[in-house]
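Enquirer: I have a structure I would like to understand better, so I am pasting it below and will then ask my questions one at a time.
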Amino acid sequence: MDLINALVALANFVLVPAIAYGSQLALGALGVTLIYGILRFSNFAHGDTMAFGAMATILVTWLLQSWGVSLGPLPTALLALPFGILATIALLLVTDRTIYRFYRKQKAAPVIFLIVSLGVMFVMNGVVRFIIGPNDQRFSDGARFIIKARDFKNATGLSEGLAFKTSQGITIVTAIVVVAALFWFLNKTRTGKSMRAYSDNEDLALLSGINPERVVMITWIIVAALATTAGVLYGLDKGFKPFTYFQLLLPIFASAIVGGLGNPLGAIAGGFVIAFSEVTITYAFKKVLGYLAPEGLEPSSLVQLLSTDYKFAVSFTILIIVLLFRPTGLFKGKAL
C-alpha cells in the first residue's frame, strides 16, 4: 500500500505536471524549430509572440464572460482561442512584411535576423505590457479539476490523493491533436511538402516553381497558431504574466536545441526532456521517500536537489551540456 501511495504522490506532483508542462514546451518549441528550419534564423521574439497571442485571447475571453457566454465545465478561453490566433497571425504577417522581408531580400546573415528578432521581442513585450499590464491576470473559468484529490482518496481508499486539473487535461489533449495535425500537414499536403522542400534546398525548391513568399506566409500562420495555443494553455495552467513568457524563451529554445533545432520530432522530444528534468530536479521527494523508507528512517529534510526558484537553471545546464557534447541534438537538426 505504501508503494502505491508513493507512486500516486509521484504521479500527482511530478508525472502529470511534467507531461502538461512538456506539452506546452513542445508546442512552443515547434514554432521555434519551424522558423529555424524554413526561415533559417532563431526567433528570439517567440516567447513574446506567445504572450501576445495569450493576451489577445484573454481580452476576447473577458468580453465573452461579460456577455455571459461560457462552455460550462470547460474554460471560455477555448472559444476565444481562434480570435487570439487570428490576431497573432495578423501581427506576425505585418511584422514579416514590414521588417523581416527587407532583410530577406538583402540575403542578410542569420545573425542579423537574430538581432532584429531581439528588437521585435522588446517591442512586443512593451505592447503586451502596455495593453494588459505587467501583473498577473486570471482568465480561467469552468471546472477546476477533472479528478479531485479528495474524490480519488474516497474511491481508492488510499491516503494519498491524485488531483488532475482541467487545464492539464486540455493541454495534453490539445497538444496531441495539434501535433498530429501538423505532422499530417507537413507530410501529406502539397503545401507541407513544398515547405519541407524549401527547407531542404531553397535553390532547388525555387527551380521547381515553389513560391518562397507563400512558404514564408504559411510558416508564419502555423507559427502564430502554435505560439498562441501554447501561450493560452500555459496561461490556463499557471496564470498569465507577460514577464513569465519572456522567461519561457530559455526552456523553449533549450527544448528545440536538445531535440535538434529544425526537427519537429526533436522539438517534441526536447520539450518533454526539459519538462521532466525541471520538475524532477526541483521536486522535494520527502513525501515519496516517507512512504518507501523503513519505519524510523523517514527523511527529515525536503530531499530536494534544487529550489523551484532555480528551475530555469536546469534548462540552461542541459542546454550547455547538449551544445558541448551533441550540438545536433537528440535527433539530427535542420530537417523537416
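How things are named: the first chain in the C-alpha cells is A, the next is B, and so on; residues count from 1 in each chain; ligands count from 1 in the order shown.
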At a cut-off of 12 Å, using only C-alpha atoms, what residues contact Ile131 (chain A)? Leave out same-chain residues fewer than 3 positions from it and give the result as a list in words.

Expert: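 Contacts, in chain order: Ala51, Phe52, Met55, Ala56, Ile58, Leu59, Met124, Asn125, Gly126, Val127, Val128, Pro134, Asn135 and Pro242 of chain A.
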
Enquirer: I'd like the neighbourhood of region 97-111 of chain A as a PyMOL selection string, where a residue qualifies if any of its atoms comes within 12 Å (using only C-alpha atoms), though same-chain residues fewer than 6 positions away should be ignored.

Expert: chain A and resi 35-37+39-44+90-91+117-120+212-213+216-217+220

Enquirer: Store the residues of this selection in a file with N, CA, C and O atoms, as an mmCIF file, in the first residue's frame.

Expert:
```
data_model
loop_
_atom_site.group_PDB
_atom_site.id
_atom_site.type_symbol
_atom_site.label_atom_id
_atom_site.label_comp_id
_atom_site.auth_asym_id
_atom_site.auth_seq_id
_atom_site.Cartn_x
_atom_site.Cartn_y
_atom_site.Cartn_z
ATOM 1 N N ILE A 35 10.491 27.995 -37.676
ATOM 2 C CA ILE A 35 11.125 29.224 -38.159
ATOM 3 C C ILE A 35 12.582 28.968 -38.504
ATOM 4 O O ILE A 35 13.080 29.429 -39.537
ATOM 5 N N TYR A 36 13.274 28.217 -37.653
ATOM 6 C CA TYR A 36 14.679 27.933 -37.921
ATOM 7 C C TYR A 36 14.833 27.035 -39.152
ATOM 8 O O TYR A 36 15.714 27.256 -39.980
ATOM 9 N N GLY A 37 13.970 26.036 -39.279
ATOM 10 C CA GLY A 37 14.102 25.100 -40.389
ATOM 11 C C GLY A 37 13.743 25.696 -41.734
ATOM 12 O O GLY A 37 14.340 25.352 -42.747
ATOM 13 N N LEU A 39 12.777 29.418 -42.292
ATOM 14 C CA LEU A 39 13.241 30.796 -42.488
ATOM 15 C C LEU A 39 14.699 30.981 -42.098
ATOM 16 O O LEU A 39 15.277 32.042 -42.305
ATOM 17 N N ARG A 40 15.276 29.966 -41.461
ATOM 18 C CA ARG A 40 16.722 29.892 -41.189
ATOM 19 C C ARG A 40 17.237 30.966 -40.228
ATOM 20 O O ARG A 40 18.279 31.557 -40.457
ATOM 21 N N PHE A 41 16.487 31.228 -39.183
ATOM 22 C CA PHE A 41 17.036 32.081 -38.126
ATOM 23 C C PHE A 41 16.347 31.736 -36.805
ATOM 24 O O PHE A 41 15.255 31.165 -36.774
ATOM 25 N N SER A 42 17.026 32.051 -35.714
ATOM 26 C CA SER A 42 16.488 31.807 -34.376
ATOM 27 C C SER A 42 15.651 33.009 -33.961
ATOM 28 O O SER A 42 16.179 34.110 -33.810
ATOM 29 N N ASN A 43 14.370 32.780 -33.759
ATOM 30 C CA ASN A 43 13.436 33.871 -33.477
ATOM 31 C C ASN A 43 13.332 34.097 -31.970
ATOM 32 O O ASN A 43 12.613 33.402 -31.261
ATOM 33 N N PHE A 44 14.043 35.099 -31.468
ATOM 34 C CA PHE A 44 14.037 35.397 -30.046
ATOM 35 C C PHE A 44 12.739 36.070 -29.606
ATOM 36 O O PHE A 44 12.527 36.264 -28.405
ATOM 37 N N ALA A 90 -2.160 38.104 -37.815
ATOM 38 C CA ALA A 90 -2.076 39.464 -38.362
ATOM 39 C C ALA A 90 -0.799 40.156 -37.898
ATOM 40 O O ALA A 90 -0.091 40.786 -38.699
ATOM 41 N N LEU A 91 -0.475 40.008 -36.622
ATOM 42 C CA LEU A 91 0.735 40.640 -36.081
ATOM 43 C C LEU A 91 1.992 40.108 -36.770
ATOM 44 O O LEU A 91 2.860 40.891 -37.198
ATOM 45 N N SER A 117 15.241 40.104 -34.482
ATOM 46 C CA SER A 117 14.189 39.471 -33.678
ATOM 47 C C SER A 117 14.261 39.910 -32.214
ATOM 48 O O SER A 117 13.238 39.957 -31.526
ATOM 49 N N LEU A 118 15.466 40.231 -31.738
ATOM 50 C CA LEU A 118 15.597 40.772 -30.381
ATOM 51 C C LEU A 118 14.869 42.108 -30.262
ATOM 52 O O LEU A 118 14.175 42.371 -29.274
ATOM 53 N N GLY A 119 15.035 42.955 -31.277
ATOM 54 C CA GLY A 119 14.317 44.230 -31.286
ATOM 55 C C GLY A 119 12.815 44.034 -31.320
ATOM 56 O O GLY A 119 12.066 44.695 -30.596
ATOM 57 N N VAL A 120 12.369 43.086 -32.171
ATOM 58 C CA VAL A 120 10.937 42.776 -32.248
ATOM 59 C C VAL A 120 10.434 42.272 -30.902
ATOM 60 O O VAL A 120 9.331 42.618 -30.464
ATOM 61 N N PRO A 212 8.447 31.244 -52.810
ATOM 62 C CA PRO A 212 9.036 31.395 -51.470
ATOM 63 C C PRO A 212 8.201 32.275 -50.538
ATOM 64 O O PRO A 212 8.124 32.006 -49.344
ATOM 65 N N GLU A 213 7.577 33.325 -51.073
ATOM 66 C CA GLU A 213 6.784 34.216 -50.229
ATOM 67 C C GLU A 213 5.554 33.496 -49.663
ATOM 68 O O GLU A 213 5.132 33.754 -48.533
ATOM 69 N N VAL A 216 6.796 31.330 -46.826
ATOM 70 C CA VAL A 216 7.045 32.167 -45.649
ATOM 71 C C VAL A 216 5.729 32.531 -44.966
ATOM 72 O O VAL A 216 5.614 32.458 -43.732
ATOM 73 N N MET A 217 4.734 32.909 -45.749
ATOM 74 C CA MET A 217 3.444 33.290 -45.192
ATOM 75 C C MET A 217 2.799 32.125 -44.432
ATOM 76 O O MET A 217 2.322 32.293 -43.299
ATOM 77 N N TRP A 220 4.548 31.506 -41.083
ATOM 78 C CA TRP A 220 4.164 32.445 -40.027
ATOM 79 C C TRP A 220 2.766 32.151 -39.507
ATOM 80 O O TRP A 220 2.491 32.299 -38.296
#
```

Enquirer: If you take only C-alpha atoms and a cut-off of 6 Å, which residues of region 174-283 of chain A touch region 311-333 of chain A, and what are their nearest atom pairs and distances in Å to one decimal, in chain and number order, as a tab-separated table?

Expert:
```
residue	atom	partner	partner_atom	distance
A:Pro251	CA	A:Ser315	CA	5.4
A:Ala254	CA	A:Leu319	CA	5.3
A:Ile257	CA	A:Gly329	CA	5.9
A:Val258	CA	A:Gly329	CA	4.7
A:Gly259	CA	A:Leu330	CA	4.8
A:Gly260	CA	A:Gly329	CA	4.0
A:Leu261	CA	A:Gly333	CA	4.7
A:Gly262	CA	A:Gly333	CA	5.1
A:Asn263	CA	A:Gly333	CA	5.2
A:Gly266	CA	A:Phe331	CA	5.5
A:Glu278	CA	A:Lys311	CA	5.4
```

Enquirer: For the selection just defined, write its residues with C-alpha atoms to a file, as a PDB file, in the first residue's frame.

Expert:
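So out-v3.pdb came out as:
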```pdb
ATOM      1  CA  PRO A 251      13.286  26.365 -21.795  1.00  0.00           C
ATOM      2  CA  ALA A 254      16.518  24.501 -24.824  1.00  0.00           C
ATOM      3  CA  ILE A 257      18.078  22.569 -29.368  1.00  0.00           C
ATOM      4  CA  VAL A 258      18.100  19.450 -27.174  1.00  0.00           C
ATOM      5  CA  GLY A 259      15.769  17.706 -29.615  1.00  0.00           C
ATOM      6  CA  GLY A 260      17.588  19.011 -32.688  1.00  0.00           C
ATOM      7  CA  LEU A 261      16.940  22.546 -33.913  1.00  0.00           C
ATOM      8  CA  GLY A 262      14.930  22.406 -37.137  1.00  0.00           C
ATOM      9  CA  ASN A 263      13.487  18.944 -36.444  1.00  0.00           C
ATOM     10  CA  GLY A 266      13.063  16.578 -31.891  1.00  0.00           C
ATOM     11  CA  GLU A 278      12.946  20.745 -14.408  1.00  0.00           C
TER      12      GLU A 278
END
```

Enquirer: With distances taken over only C-alpha atoms, which residue among A:Thr228, A:Ser199, A:Asn187, A:Gln137 lies nearest Ala54 (chain A)?

Expert: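 Going through A:Thr228, A:Ser199, A:Asn187, A:Gln137 one by one, the smallest distance to Ala54 (chain A) is for A:Thr228.
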
Enquirer: Give the answer as one residue: which of A:Phe246, A:Phe240, A:Tyr21, A:Trp62 has the shortest atom-to-atom distance to Met121 (chain A), using only C-alpha atoms?

Expert: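 That would be A:Phe246, the residue with the smallest distance to Met121 (chain A).
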
Enquirer: Let's see if you can do this: from backbone DSSP, list all strand (DSSP E or B) residues in region 142-268 of chain A, as a PyMOL selection string.

Expert: chain A and resi 145-147+164-165+240

Enquirer: Can you tell me how far CA of Thr219 (chain A) sits from CA of Val178 (chain A), in Å to one decimal?

Expert: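 Going from CA of Thr219 (chain A) over to CA of Val178 (chain A) covers 15.0 Å.
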
Enquirer: Find the residues near region 167-173 of chain A: any atom within 6 Å, counting only C-alpha atoms, skip ones fewer than 6 places away on the same chain, and give them as a VMD selection string.

Expert: chain A and resid 20 233 236 to 237

Enquirer: Based on the selection just made, write N, CA and C atoms of those residues as a compact mmCIF listing (two decimals), in the first residue's frame.

Expert:
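Once everything was written out, this is out23.txt:
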```
# COMPACT_ATOMS: atom_id res chain seq x y z
N ALA A 20 2.05 17.80 -18.73
CA ALA A 20 1.34 19.03 -19.16
C ALA A 20 2.34 20.12 -19.55
N LEU A 233 -2.55 27.79 -23.31
CA LEU A 233 -2.53 26.60 -22.45
C LEU A 233 -1.66 26.82 -21.22
N LEU A 236 -3.63 29.16 -18.87
CA LEU A 236 -4.71 28.46 -18.17
C LEU A 236 -4.16 27.60 -17.03
N ASP A 237 -3.00 27.01 -17.27
CA ASP A 237 -2.42 26.08 -16.30
C ASP A 237 -1.74 26.80 -15.14
```

Enquirer: Mind running region 269-302 of chain A against region 14-19 of chain A at 7 Å and telling me each contacting residue's nearest atom pair with the distance in Å (one decimal), counting only C-alpha atoms, chain and number ascending, as CSV?

Expert:
```
residue,atom,partner,partner_atom,distance
A:Phe272,CA,A:Ile19,CA,6.9
A:Ala275,CA,A:Ala18,CA,5.4
A:Phe276,CA,A:Ala18,CA,5.2
A:Val279,CA,A:Val14,CA,6.1
A:Thr280,CA,A:Val14,CA,6.3
```

Enquirer: Report as an mmCIF file with C-alpha atoms, in the first residue's frame all protein, DNA and RNA residues lying within 10 Å of Pro73 (chain A), evaluated on only C-alpha atoms, omitting residues in the same chain fewer than 4 positions from it.

Expert:
```
data_model
loop_
_atom_site.group_PDB
_atom_site.id
_atom_site.type_symbol
_atom_site.label_atom_id
_atom_site.label_comp_id
_atom_site.auth_asym_id
_atom_site.auth_seq_id
_atom_site.Cartn_x
_atom_site.Cartn_y
_atom_site.Cartn_z
ATOM 1 C CA ASP A 141 -13.236 29.553 -15.524
ATOM 2 C CA GLY A 142 -15.305 26.395 -15.614
ATOM 3 C CA ALA A 143 -14.491 23.304 -13.563
ATOM 4 C CA ARG A 144 -11.057 23.454 -11.988
ATOM 5 C CA PHE A 145 -10.491 19.709 -11.642
ATOM 6 C CA ILE A 146 -11.284 16.592 -13.637
ATOM 7 C CA THR A 166 -8.926 20.560 -16.207
#
```

Enquirer: Considering only C-alpha atoms, can you say which of A:Val215, A:Ala230, A:Leu158, A:Ile147 comes closest to Leu3 (chain A)?

Expert: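 Using only C-alpha atoms, the shortest distance to Leu3 (chain A) belongs to A:Leu158.
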
Enquirer: Could you work out how far CA of Phe243 (chain A) lies from CA of Ala225 (chain A), giving the answer in Å with one decimal?

Expert: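 Rounded to one decimal, the two atoms are 20.7 Å apart.
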
Enquirer: Of the candidates A:Phe13, A:Val177, A:Phe122, A:Lys241, which one gets nearest to Thr282 (chain A) if we count only C-alpha atoms?

Expert: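 Answer, going by the shortest atom-to-atom distance: A:Phe13.
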
Enquirer: Report, in Å with one decimal, the straight-line distance from CA of Leu305 (chain A) to CA of Ile281 (chain A).

Expert: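 Result for CA of Leu305 (chain A) versus CA of Ile281 (chain A): 5.7 Å, one decimal.
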
Enquirer: Where does DSSP see helix (DSSP H, G or I) in region 69-257 of chain A, if you list the residues as an NGL selection string?

Expert: :A and (77-105 or 110-132 or 149-156 or 166-188 or 190-200 or 202-207 or 212-238 or 242-257)
